[in-house]
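See below for structure.cif, which holds mmCIF, C-alpha atoms.
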```
data_entry
#
loop_
_atom_site.label_atom_id
_atom_site.label_comp_id
_atom_site.auth_asym_id
_atom_site.auth_seq_id
_atom_site.Cartn_x
_atom_site.Cartn_y
_atom_site.Cartn_z
CA MET A 1021 -125.08 92.74 45.32
CA ASN A 1022 -123.92 93.64 48.77
CA PRO A 1023 -121.14 91.62 50.26
CA PRO A 1024 -122.16 89.48 53.16
CA LEU A 1025 -121.76 91.08 56.52
CA MET A 1026 -118.75 89.80 58.36
CA PRO A 1027 -119.38 88.81 61.93
CA THR A 1028 -117.73 91.23 64.41
CA LYS A 1029 -115.93 90.22 67.60
CA LYS A 1030 -117.62 91.28 70.78
CA ARG A 1031 -115.32 93.33 73.02
CA THR A 1032 -115.10 91.90 76.45
CA ALA A 1033 -115.58 94.27 79.44
CA GLY A 1034 -113.23 92.21 81.53
CA PRO A 1035 -110.01 94.27 81.11
CA VAL A 1036 -111.86 97.59 81.63
CA ILE A 1037 -113.57 96.38 84.73
CA GLY A 1038 -110.30 95.04 86.02
CA PHE A 1039 -108.54 98.34 85.45
CA VAL A 1040 -111.30 100.30 87.19
CA ALA A 1041 -111.26 97.87 90.08
CA LEU A 1042 -107.49 98.20 90.33
CA LEU A 1043 -107.75 101.99 90.20
CA LEU A 1044 -110.41 101.99 92.89
CA ALA A 1045 -108.30 99.70 95.00
CA VAL A 1046 -105.29 101.98 94.65
CA VAL A 1047 -107.40 105.04 95.47
CA MET A 1048 -108.96 103.30 98.46
CA THR A 1049 -105.59 102.11 99.64
CA MET A 1050 -104.10 105.56 99.27
CA GLY A 1051 -107.15 107.02 101.00
CA ALA A 1052 -106.82 104.53 103.82
CA ILE A 1053 -103.14 105.37 104.18
CA PHE A 1054 -103.92 109.10 104.04
CA TYR A 1055 -106.70 108.90 106.57
CA GLY A 1056 -104.66 106.53 108.68
CA GLN A 1057 -101.89 109.11 108.83
CA LEU A 1058 -104.42 111.69 109.95
CA GLY A 1059 -105.02 109.67 113.09
CA PRO A 1060 -103.28 110.14 116.46
CA ALA A 1061 -99.55 109.54 116.59
CA VAL A 1062 -100.03 107.72 119.90
CA PRO A 1063 -103.69 106.77 120.45
CA GLY A 1064 -104.79 106.92 124.07
CA SER A 1065 -101.73 108.83 125.25
CA SER A 1066 -102.25 111.03 128.32
CA GLU A 1067 -99.02 112.95 127.73
CA GLU A 1068 -99.03 116.62 126.78
CA LYS A 1069 -96.11 118.41 125.18
CA LEU A 1070 -95.41 122.12 124.97
CA PHE A 1071 -95.18 123.00 121.28
CA ILE A 1072 -94.00 126.47 120.25
CA ILE A 1073 -94.74 128.21 116.96
CA GLU A 1074 -92.47 131.18 116.49
CA HIS A 1075 -93.81 134.30 114.79
CA GLY A 1076 -93.49 133.93 111.01
CA ALA A 1077 -92.76 130.19 111.06
CA ALA A 1078 -93.46 128.49 107.70
CA PRO A 1079 -96.07 125.69 107.54
CA GLY A 1080 -93.38 123.25 106.41
CA LYS A 1081 -91.30 123.90 109.52
CA ILE A 1082 -94.36 123.63 111.76
CA ALA A 1083 -95.25 120.26 110.22
CA ALA A 1084 -91.65 119.00 110.46
CA ASP A 1085 -91.42 120.07 114.11
CA LEU A 1086 -94.72 118.35 114.92
CA GLN A 1087 -93.44 115.11 113.42
CA LYS A 1088 -90.08 115.47 115.16
CA GLU A 1089 -91.86 115.87 118.51
CA GLY A 1090 -93.92 112.73 117.85
CA LEU A 1091 -97.17 114.66 117.74
CA ILE A 1092 -98.16 113.64 114.19
CA LYS A 1093 -97.34 110.62 112.04
CA ASN A 1094 -96.36 112.34 108.84
CA ALA A 1095 -95.49 115.96 108.04
CA GLN A 1096 -96.52 115.75 104.38
CA THR A 1097 -99.93 114.36 105.26
CA PHE A 1098 -100.35 117.18 107.77
CA LEU A 1099 -99.49 119.74 105.10
CA LEU A 1100 -101.76 118.12 102.51
CA TYR A 1101 -104.71 118.09 104.90
CA SER A 1102 -104.03 121.71 105.89
CA ARG A 1103 -103.91 122.73 102.22
CA LEU A 1104 -107.08 120.82 101.26
CA THR A 1105 -109.00 122.41 104.14
CA GLY A 1106 -107.73 125.92 103.33
CA LYS A 1107 -106.03 126.32 106.71
CA ILE A 1108 -102.38 126.02 105.81
CA ASP A 1109 -101.71 129.75 106.05
CA LYS A 1110 -103.83 130.38 109.16
CA PHE A 1111 -101.64 128.94 111.92
CA LYS A 1112 -101.10 131.33 114.84
CA SER A 1113 -97.84 131.73 116.71
CA GLY A 1114 -97.76 130.88 120.41
CA GLN A 1115 -97.20 128.08 122.86
CA TYR A 1116 -99.53 125.09 122.70
CA LEU A 1117 -100.11 122.02 124.83
CA ILE A 1118 -100.59 119.16 122.36
CA SER A 1119 -101.07 115.49 123.11
CA PRO A 1120 -99.92 112.69 120.77
CA SER A 1121 -103.49 111.38 121.20
CA PHE A 1122 -104.81 114.31 119.12
CA ASN A 1123 -105.50 113.57 115.45
CA VAL A 1124 -104.38 115.90 112.67
CA PRO A 1125 -107.76 117.68 112.27
CA GLN A 1126 -107.74 118.43 116.01
CA ILE A 1127 -104.20 119.79 115.93
CA VAL A 1128 -104.88 121.92 112.85
CA ASP A 1129 -108.01 123.32 114.50
CA LEU A 1130 -106.02 124.07 117.66
CA LEU A 1131 -103.33 125.97 115.75
CA VAL A 1132 -105.83 127.90 113.64
CA LYS A 1133 -107.95 128.99 116.60
CA GLY A 1134 -104.84 129.99 118.55
CA LYS A 1135 -105.77 127.94 121.62
CA VAL A 1136 -102.43 128.54 123.26
CA ALA A 1137 -101.21 126.93 126.47
CA THR A 1138 -102.23 128.94 129.52
CA ILE A 1139 -101.44 129.25 133.20
CA THR A 1140 -104.18 130.03 135.72
CA PHE A 1141 -103.21 131.53 139.06
CA THR A 1142 -105.10 133.20 141.88
CA ILE A 1143 -104.01 135.99 144.20
CA PRO A 1144 -106.40 136.09 147.20
CA GLU A 1145 -107.38 139.40 148.77
CA GLY A 1146 -104.85 140.50 151.35
CA TYR A 1147 -101.85 138.63 149.93
CA HIS A 1148 -98.61 140.53 150.36
CA LEU A 1149 -95.69 140.49 147.95
CA ARG A 1150 -93.88 137.61 149.64
CA GLN A 1151 -96.96 135.43 149.19
CA ILE A 1152 -97.44 136.61 145.61
CA ALA A 1153 -93.82 135.71 144.87
CA ASP A 1154 -94.54 132.16 146.10
CA VAL A 1155 -97.56 131.93 143.77
CA PHE A 1156 -95.43 133.05 140.81
CA VAL A 1157 -92.74 130.48 141.57
CA LYS A 1158 -95.17 127.58 142.14
CA ALA A 1159 -97.11 128.42 138.96
CA GLY A 1160 -93.91 128.45 136.92
CA ILE A 1161 -94.35 132.12 135.97
CA SER A 1162 -91.08 133.36 137.39
CA THR A 1163 -88.15 132.59 139.63
CA GLU A 1164 -88.09 134.32 143.00
CA GLU A 1165 -85.03 136.37 141.97
CA GLU A 1166 -86.71 137.54 138.77
CA PHE A 1167 -89.91 138.45 140.60
CA TRP A 1168 -88.12 140.74 143.07
CA ARG A 1169 -85.96 142.25 140.33
CA VAL A 1170 -89.08 143.28 138.44
CA VAL A 1171 -90.79 144.58 141.59
CA LYS A 1172 -87.80 146.81 142.35
CA ASP A 1173 -86.63 147.86 138.90
CA GLY A 1174 -89.44 147.20 136.42
CA ASN A 1175 -90.61 150.19 134.39
CA PHE A 1176 -94.37 150.60 134.74
CA ASN A 1177 -96.13 153.68 133.45
CA TYR A 1178 -98.77 154.29 136.12
CA PRO A 1179 -99.13 157.64 137.90
CA PHE A 1180 -99.77 155.98 141.27
CA LEU A 1181 -96.26 154.46 141.19
CA LYS A 1182 -94.46 157.63 140.13
CA ASP A 1183 -93.28 158.83 143.54
CA LEU A 1184 -92.80 155.46 145.23
CA PRO A 1185 -89.22 154.45 146.11
CA ARG A 1186 -87.73 151.67 144.00
CA ASN A 1187 -87.38 148.97 146.62
CA GLU A 1188 -88.88 145.56 147.34
CA ARG A 1189 -92.06 147.13 148.73
CA ARG A 1190 -92.67 149.45 145.77
CA LEU A 1191 -95.60 147.48 144.33
CA GLU A 1192 -97.06 146.33 147.66
CA GLY A 1193 -100.83 146.77 147.57
CA TYR A 1194 -101.02 147.43 143.83
CA LEU A 1195 -100.93 143.89 142.39
CA PHE A 1196 -104.67 143.43 142.28
CA PRO A 1197 -106.04 140.22 143.86
CA GLU A 1198 -107.81 138.25 141.16
CA THR A 1199 -107.79 134.99 139.21
CA TYR A 1200 -105.70 135.44 136.08
CA ILE A 1201 -105.36 133.29 132.96
CA ILE A 1202 -102.19 134.08 131.05
CA PRO A 1203 -100.37 132.53 128.07
CA LYS A 1204 -97.64 130.13 129.11
CA GLY A 1205 -94.26 131.80 128.77
CA MET A 1206 -95.53 135.32 129.43
CA LYS A 1207 -92.70 137.46 130.80
CA THR A 1208 -92.70 138.43 134.46
CA GLU A 1209 -92.88 142.13 133.58
CA GLN A 1210 -95.95 141.50 131.43
CA VAL A 1211 -97.74 139.53 134.15
CA ILE A 1212 -97.08 142.18 136.78
CA ASP A 1213 -98.13 144.91 134.35
CA LEU A 1214 -101.38 143.00 133.80
CA MET A 1215 -102.02 143.00 137.56
CA LEU A 1216 -101.19 146.71 137.86
CA ARG A 1217 -103.50 147.48 134.95
CA GLN A 1218 -106.28 145.54 136.66
CA PHE A 1219 -105.77 147.60 139.82
CA ASP A 1220 -105.84 150.79 137.77
CA GLN A 1221 -109.08 149.82 136.04
CA VAL A 1222 -110.81 148.79 139.27
CA TYR A 1223 -109.70 151.88 141.18
CA LYS A 1224 -110.87 154.27 138.45
CA LYS A 1225 -114.39 152.85 138.71
CA LEU A 1226 -114.59 153.44 142.46
CA PRO A 1227 -116.21 156.53 144.01
CA SER A 1228 -114.02 159.64 143.92
CA ASN A 1229 -111.65 160.14 146.82
CA LYS A 1230 -113.13 162.84 149.05
CA SER A 1231 -111.08 161.96 152.12
CA ASN A 1232 -108.01 163.81 153.28
CA LEU A 1233 -105.94 160.78 152.36
CA THR A 1234 -103.67 160.51 149.36
CA MET A 1235 -104.24 157.59 147.00
CA HIS A 1236 -101.28 155.75 148.53
CA GLU A 1237 -102.77 156.27 151.99
CA VAL A 1238 -106.16 155.03 150.77
CA VAL A 1239 -104.55 151.82 149.49
CA THR A 1240 -102.55 151.49 152.72
CA LEU A 1241 -105.63 151.82 154.94
CA ALA A 1242 -107.63 149.54 152.62
CA SER A 1243 -104.94 146.87 153.04
CA ILE A 1244 -105.36 147.12 156.83
CA VAL A 1245 -109.15 146.87 156.50
CA GLU A 1246 -108.59 143.80 154.30
CA GLY A 1247 -106.41 142.23 156.98
CA GLU A 1248 -108.88 142.93 159.78
CA SER A 1249 -112.18 141.92 158.19
CA ARG A 1250 -113.74 138.83 156.71
CA LEU A 1251 -117.19 140.16 155.82
CA ASP A 1252 -117.78 142.76 153.11
CA ALA A 1253 -120.72 144.17 155.07
CA GLU A 1254 -118.43 145.10 157.97
CA ARG A 1255 -115.60 146.67 155.99
CA PRO A 1256 -117.11 150.21 155.92
CA LEU A 1257 -117.55 150.08 159.73
CA ILE A 1258 -114.00 148.86 160.28
CA ALA A 1259 -112.75 151.57 157.94
CA SER A 1260 -114.67 154.14 159.98
CA VAL A 1261 -112.96 152.97 163.18
CA PHE A 1262 -109.50 153.52 161.73
CA LEU A 1263 -110.47 156.84 160.13
CA ASN A 1264 -111.90 158.03 163.45
CA ARG A 1265 -108.66 157.08 165.19
CA LEU A 1266 -106.59 158.90 162.57
CA LYS A 1267 -108.65 162.07 163.09
CA ILE A 1268 -107.79 162.19 166.80
CA ASN A 1269 -104.20 161.00 166.35
CA MET A 1270 -104.93 157.73 168.15
CA LYS A 1271 -102.78 154.69 167.38
CA LEU A 1272 -104.47 152.22 165.02
CA ASP A 1273 -103.46 149.18 167.12
CA SER A 1274 -104.00 146.83 164.17
CA ASP A 1275 -102.98 143.19 164.55
CA ALA A 1276 -102.84 142.97 160.75
CA THR A 1277 -99.90 145.38 160.62
CA VAL A 1278 -98.03 143.21 163.13
CA GLN A 1279 -98.79 140.06 161.12
CA TYR A 1280 -97.15 141.76 158.14
CA LEU A 1281 -93.82 141.57 159.96
CA PHE A 1282 -93.80 137.76 159.74
CA ASP A 1283 -93.22 135.62 156.66
CA LYS A 1284 -96.16 133.40 157.60
CA ARG A 1285 -99.34 134.50 159.34
CA LYS A 1286 -99.36 133.57 163.02
CA GLU A 1287 -102.38 131.90 164.55
CA ARG A 1288 -102.53 134.75 167.05
CA VAL A 1289 -100.52 137.87 167.80
CA LEU A 1290 -98.74 137.71 171.17
CA TYR A 1291 -98.12 140.60 173.53
CA LYS A 1292 -94.39 140.37 172.85
CA ASP A 1293 -95.08 140.79 169.13
CA LEU A 1294 -96.62 144.19 169.85
CA GLU A 1295 -93.23 145.43 171.00
CA ILE A 1296 -91.44 144.75 167.69
CA ASP A 1297 -89.67 147.90 166.58
CA SER A 1298 -90.93 148.55 163.04
CA PRO A 1299 -92.63 151.47 161.29
CA TYR A 1300 -95.29 148.94 160.28
CA ASN A 1301 -96.17 148.17 163.92
CA THR A 1302 -99.20 150.37 164.59
CA TYR A 1303 -99.13 149.43 168.27
CA ARG A 1304 -95.92 151.44 168.60
CA ASN A 1305 -96.43 154.17 166.00
CA ARG A 1306 -99.21 156.64 165.39
CA GLY A 1307 -100.75 157.15 161.98
CA LEU A 1308 -100.59 154.87 158.97
CA PRO A 1309 -97.62 152.60 158.26
CA PRO A 1310 -95.27 153.63 155.40
CA GLY A 1311 -97.26 151.67 152.85
CA PRO A 1312 -99.78 148.88 152.26
CA ILE A 1313 -99.44 145.55 154.05
CA GLY A 1314 -101.02 143.52 151.26
CA SER A 1315 -103.27 143.72 148.21
CA PRO A 1316 -106.73 145.01 149.14
CA GLY A 1317 -109.73 143.87 147.16
CA GLU A 1318 -112.36 146.16 145.68
CA ALA A 1319 -114.63 145.96 148.75
CA SER A 1320 -111.88 147.18 151.09
CA LEU A 1321 -110.87 150.00 148.75
CA ARG A 1322 -114.49 151.08 148.49
CA ALA A 1323 -114.90 150.90 152.28
CA VAL A 1324 -112.14 153.46 152.78
CA LEU A 1325 -113.48 155.76 150.08
CA VAL A 1326 -117.08 155.40 151.33
CA PRO A 1327 -116.81 154.49 155.04
CA ALA A 1328 -119.74 154.10 157.39
CA GLN A 1329 -120.64 157.10 159.50
CA SER A 1330 -119.92 156.12 163.09
CA ASN A 1331 -118.31 157.24 166.33
CA TYR A 1332 -116.71 153.84 166.89
CA LEU A 1333 -113.08 153.65 168.03
CA TYR A 1334 -112.88 149.95 168.89
CA PHE A 1335 -113.93 146.55 167.61
CA VAL A 1336 -113.37 142.97 168.73
CA ALA A 1337 -114.00 139.74 166.86
CA LYS A 1338 -116.63 137.27 167.96
CA LYS A 1339 -115.38 133.80 168.83
CA ASP A 1340 -118.19 131.94 167.05
CA GLY A 1341 -116.39 131.69 163.71
CA SER A 1342 -118.88 134.03 162.03
CA GLY A 1343 -116.23 136.61 161.20
CA GLN A 1344 -118.38 139.28 162.82
CA HIS A 1345 -117.14 142.00 165.17
CA VAL A 1346 -118.64 143.94 168.05
CA PHE A 1347 -118.01 147.70 167.93
CA ALA A 1348 -117.66 150.27 170.68
CA ALA A 1349 -117.29 154.05 170.97
CA THR A 1350 -115.53 154.08 174.36
CA HIS A 1351 -112.77 152.05 175.95
CA ASP A 1352 -115.02 151.00 178.84
CA GLU A 1353 -117.63 149.71 176.42
CA HIS A 1354 -114.89 147.88 174.51
CA ILE A 1355 -113.69 146.17 177.72
CA ARG A 1356 -117.23 145.06 178.51
CA ASN A 1357 -117.62 143.66 175.02
CA LYS A 1358 -114.41 141.67 175.38
CA GLN A 1359 -115.50 140.28 178.75
CA ARG A 1360 -118.87 139.31 177.34
CA LEU A 1361 -117.19 137.50 174.44
CA GLY A 1362 -114.88 135.60 176.77
CA TYR A 1363 -111.56 137.37 176.17
#
```
Is it possible to express this structure as structure tokens?
Amino acid sequence: MNPPLMPTKKRTAGPVIGFVALLLAVVMTMGAIFYGQLGPAVPGSSEEKLFIIEHGAAPGKIAADLQKEGLIKNAQTFLLYSRLTGKIDKFKSGQYLISPSFNVPQIVDLLVKGKVATITFTIPEGYHLRQIADVFVKAGISTEEEFWRVVKDGNFNYPFLKDLPRNERRLEGYLFPETYIIPKGMKTEQVIDLMLRQFDQVYKKLPSNKSNLTMHEVVTLASIVEGESRLDAERPLIASVFLNRLKINMKLDSDATVQYLFDKRKERVLYKDLEIDSPYNTYRNRGLPPGPIGSPGEASLRAVLVPAQSNYLYFVAKKDGSGQHVFAATHDEHIRNKQRLGY
């Protein structure tokens, strides 16, 4: 005879459910803390800080420095997120502009993509070295003293600079006018080398030089054309005027070369200015000045290499603000043009 079955106690699910609920609560709390620490250090901040990652810097140091600068809430959370996303060993060295309003995913993405802090600056066509120095100083690229030191003594491996004297005018005309975007903190020598390299690349793509001018003379005349013209369509004609004058040993009489003698461009050149004793004053001296009077753009360089075919020796600007000129082959015709234009 089988013994009677003993009633068994039913296990209650209460303790298990409670433990799971507690575990979930802990996980959710930890998750909330974790994700909370991934948020911006200072939400809504408009501030930006320059943050530098040196070459070879360890992730731990990067994270600690970010926390120290107030750019993240917690270095360990930053490292954990970077490790979980597989990006911890992909940070790129450089200088970054980071706002405390960025969250950790944004900062990590910034450092992985190498979106370094940049400076944008523009050198307009015709700017001379004194003006370029001002741009460098105002953009925070260089001090004025450093700029001129590099211009005079910097070592740049370009054939067109080989025979030029090492003075403050050595690079005049060769710092190509352009808009540049450079990494913040780029050395002055590197920035100037970038501009020289741009000149070199542009010049090599231009038509071959079939004139009797040396390359330095081409750049010098192109800088005068740049200073005298506002319209690309007229540059070849203006270049032809100066080339025609050079062929007959006639003075260039260029106002642009006189303007070069002043720190700031004058509204108009006066008769007394034409008497200034300087090798750059083409009202007093025949032939080209010793060197360029500014940085010519591509259109002016091309105009000298491929000038218009003309017999013009004179031109005068219209007074209507169009930037156009009226050209003449003889002095009498030139005088009539000036009278007609109200000079």
- Can you give me, as number ranges by chain, the residues this file yields under the PyMOL selection byres ((chain A and resi 1289-1306) around 8)? A: 1269-1275, 1277-1281, 1286-1288, 1307-1310
Please check which residues have atoms at most 12 Å from (-104.4, 121.4, 105.0) in the file's coordinates, counting all atoms listed in the file, and write them as a CSV table (one decimal) with C-alpha atoms, keeping the file's coordinate frame.
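New file part05.csv:
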```csv
chain,number,residue,atom,x,y,z
A,1058,LEU,CA,-104.4,111.7,110.0
A,1079,PRO,CA,-96.1,125.7,107.5
A,1080,GLY,CA,-93.4,123.2,106.4
A,1083,ALA,CA,-95.2,120.3,110.2
A,1095,ALA,CA,-95.5,116.0,108.0
A,1096,GLN,CA,-96.5,115.8,104.4
A,1097,THR,CA,-99.9,114.4,105.3
A,1098,PHE,CA,-100.4,117.2,107.8
A,1099,LEU,CA,-99.5,119.7,105.1
A,1100,LEU,CA,-101.8,118.1,102.5
A,1101,TYR,CA,-104.7,118.1,104.9
A,1102,SER,CA,-104.0,121.7,105.9
A,1103,ARG,CA,-103.9,122.7,102.2
A,1104,LEU,CA,-107.1,120.8,101.3
A,1105,THR,CA,-109.0,122.4,104.1
A,1106,GLY,CA,-107.7,125.9,103.3
A,1107,LYS,CA,-106.0,126.3,106.7
A,1108,ILE,CA,-102.4,126.0,105.8
A,1109,ASP,CA,-101.7,129.8,106.0
A,1110,LYS,CA,-103.8,130.4,109.2
A,1111,PHE,CA,-101.6,128.9,111.9
A,1124,VAL,CA,-104.4,115.9,112.7
A,1125,PRO,CA,-107.8,117.7,112.3
A,1126,GLN,CA,-107.7,118.4,116.0
A,1127,ILE,CA,-104.2,119.8,115.9
A,1128,VAL,CA,-104.9,121.9,112.8
A,1129,ASP,CA,-108.0,123.3,114.5
A,1131,LEU,CA,-103.3,126.0,115.8
A,1132,VAL,CA,-105.8,127.9,113.6
```
- What does the PyMOL selection byres ((chain A and resi 1190-1201) around 8) select in this file, as an NGL selection string? :A and (1138-1149 or 1171-1172 or 1181 or 1184-1189 or 1202-1203 or 1212 or 1215-1216 or 1218-1219 or 1239-1240 or 1243 or 1311-1317)
- Note on the structure: Taken to one decimal, the atom CA of A:Arg1265-atom CA of A:Tyr1363 distance is 22.7 Å
- How far is it from atom CA of A:Gln1359 to atom CA of A:Ile1268, in Å with one decimal?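 Computing it gives 26.1 Å between the two atoms.
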- Selection result of the PyMOL selection byres ((chain A and resi 1349) around 10) on this file, as a VMD selection string: chain A and resid 1261 1330 to 1335 1347 to 1348 1350 to 1354
- Item | For A:Gly1247, the nearest of the candidates A:Gly1134, A:Asn1094, A:Ala1259, A:Tyr1178, counting all atoms listed in the file |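 Ranked by minimum distance to A:Gly1247, first place goes to A:Ala1259.
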- Query: atom CA of A:Leu1361 and atom CA of A:Lys1339 are how many Å apart?
  - Reply: 7.0 Å
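The shell of residues at most 7 Å from stretch 1222-1237 of chain A, with only C-alpha atoms counted and near chain neighbours (fewer than 4 positions) removed, consists of Gln1218, Leu1241, Arg1322 and Leu1325 of chain A.
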- Message: Using all atoms listed in the file for the distances, tell me which of A:Lys1338, A:Asp1283, A:Lys1182, A:Ile1082 is nearest to A:Ile1152.
- Response: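 Between A:Lys1338, A:Asp1283, A:Lys1182, A:Ile1082, the residue approaching A:Ile1152 most closely is A:Asp1283.
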- Pull the neighbourhood of (-113.1, 143.2, 164.7) for me: all residues within 9 Å in file coordinates, counting only C-alpha atoms, as a PyMOL selection string. chain A and resi 1248-1249+1254+1258+1334-1338+1343-1347
Listed atoms of stretch 1088-1102 of chain A boxed along x, y and z, 3 Å each side, centre and edge lengths in Å, one decimal, as AutoDock Vina command-line options:
```
--center_x -97.4 --center_y 116.2 --center_z 110.5 --size_x 20.6 --size_y 17.1 --size_z 22.0
```
- Nearest to A:Lys1112 by atom-to-atom distance, counting all atoms listed in the file, from A:Ala1078, A:Leu1214, A:Leu1263, A:Leu1091: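 Comparing A:Ala1078, A:Leu1214, A:Leu1263, A:Leu1091 against A:Lys1112, the winner is A:Ala1078.
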- Item | Of the listed residues A:Asn1175, A:His1075, A:Pro1060, A:Lys1204, that which approaches A:Tyr1116 most closely, counting only C-alpha atoms |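 Closest to A:Tyr1116 of all the choices is A:Lys1204.
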- Task: Skip A:Val1062 itself and residues of its chain fewer than 2 positions away, then list as a ChimeraX atom specification all residues within 12 Å of it, counting all atoms listed in the file.
- Result: /A:1057-1060,1064-1068,1087,1089-1093,1118-1124
Take the residues from that selection and write them out as a PDB file, in the coordinates of the input, keeping C-alpha atoms.
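Wrote it out as out-v8.pdb, contents follow:
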```
ATOM      1  CA  GLN A1057    -101.890 109.110 108.830  1.00  0.00           C
ATOM      2  CA  LEU A1058    -104.420 111.690 109.950  1.00  0.00           C
ATOM      3  CA  GLY A1059    -105.020 109.670 113.090  1.00  0.00           C
ATOM      4  CA  PRO A1060    -103.280 110.140 116.460  1.00  0.00           C
ATOM      5  CA  GLY A1064    -104.790 106.920 124.070  1.00  0.00           C
ATOM      6  CA  SER A1065    -101.730 108.830 125.250  1.00  0.00           C
ATOM      7  CA  SER A1066    -102.250 111.030 128.320  1.00  0.00           C
ATOM      8  CA  GLU A1067     -99.020 112.950 127.730  1.00  0.00           C
ATOM      9  CA  GLU A1068     -99.030 116.620 126.780  1.00  0.00           C
ATOM     10  CA  GLN A1087     -93.440 115.110 113.420  1.00  0.00           C
ATOM     11  CA  GLU A1089     -91.860 115.870 118.510  1.00  0.00           C
ATOM     12  CA  GLY A1090     -93.920 112.730 117.850  1.00  0.00           C
ATOM     13  CA  LEU A1091     -97.170 114.660 117.740  1.00  0.00           C
ATOM     14  CA  ILE A1092     -98.160 113.640 114.190  1.00  0.00           C
ATOM     15  CA  LYS A1093     -97.340 110.620 112.040  1.00  0.00           C
ATOM     16  CA  ILE A1118    -100.590 119.160 122.360  1.00  0.00           C
ATOM     17  CA  SER A1119    -101.070 115.490 123.110  1.00  0.00           C
ATOM     18  CA  PRO A1120     -99.920 112.690 120.770  1.00  0.00           C
ATOM     19  CA  SER A1121    -103.490 111.380 121.200  1.00  0.00           C
ATOM     20  CA  PHE A1122    -104.810 114.310 119.120  1.00  0.00           C
ATOM     21  CA  ASN A1123    -105.500 113.570 115.450  1.00  0.00           C
ATOM     22  CA  VAL A1124    -104.380 115.900 112.670  1.00  0.00           C
TER      23      VAL A1124
END
```
- Item | Residue with smallest distance to A:Arg1255 - pool A:Arg1217, A:Ile1072, A:Gly1205, A:Ser1320, counting all atoms listed in the file |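 Going through A:Arg1217, A:Ile1072, A:Gly1205, A:Ser1320 one by one, the smallest distance to A:Arg1255 is for A:Ser1320.
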Kindly reconstruct stretch 1072-1076 of chain A with all heavy atoms and present the result as a short mmCIF file (atom, residue, chain, number, x, y, z; two decimals), in the coordinates of the input.
```cif
data_model
loop_
_atom_site.label_atom_id
_atom_site.label_comp_id
_atom_site.auth_asym_id
_atom_site.auth_seq_id
_atom_site.Cartn_x
_atom_site.Cartn_y
_atom_site.Cartn_z
N ILE A 1072 -94.12 125.02 120.48
CA ILE A 1072 -94.00 126.47 120.25
C ILE A 1072 -93.96 126.77 118.76
O ILE A 1072 -93.19 126.16 118.01
CB ILE A 1072 -92.74 127.02 120.92
CG1 ILE A 1072 -92.78 126.75 122.43
CG2 ILE A 1072 -92.58 128.51 120.66
CD1 ILE A 1072 -91.50 127.11 123.16
N ILE A 1073 -94.79 127.69 118.32
CA ILE A 1073 -94.74 128.21 116.96
C ILE A 1073 -94.23 129.64 117.03
O ILE A 1073 -94.88 130.52 117.60
CB ILE A 1073 -96.13 128.20 116.28
CG1 ILE A 1073 -96.65 126.76 116.17
CG2 ILE A 1073 -96.06 128.84 114.90
CD1 ILE A 1073 -98.02 126.67 115.51
N GLU A 1074 -93.05 129.84 116.49
CA GLU A 1074 -92.47 131.18 116.49
C GLU A 1074 -93.20 132.06 115.47
O GLU A 1074 -93.75 131.57 114.48
CB GLU A 1074 -90.98 131.12 116.14
CG GLU A 1074 -90.15 130.27 117.10
CD GLU A 1074 -89.99 130.90 118.46
OE1 GLU A 1074 -90.35 132.09 118.61
OE2 GLU A 1074 -89.52 130.22 119.39
N HIS A 1075 -93.17 133.36 115.72
CA HIS A 1075 -93.81 134.30 114.79
C HIS A 1075 -93.17 134.19 113.41
O HIS A 1075 -91.95 134.23 113.27
CB HIS A 1075 -93.67 135.73 115.32
CG HIS A 1075 -94.32 136.75 114.44
ND1 HIS A 1075 -95.70 136.87 114.32
CD2 HIS A 1075 -93.78 137.69 113.61
CE1 HIS A 1075 -95.97 137.84 113.48
NE2 HIS A 1075 -94.84 138.36 113.03
N GLY A 1076 -93.98 134.01 112.38
CA GLY A 1076 -93.49 133.93 111.01
C GLY A 1076 -93.02 132.55 110.58
O GLY A 1076 -92.50 132.40 109.46
#
```
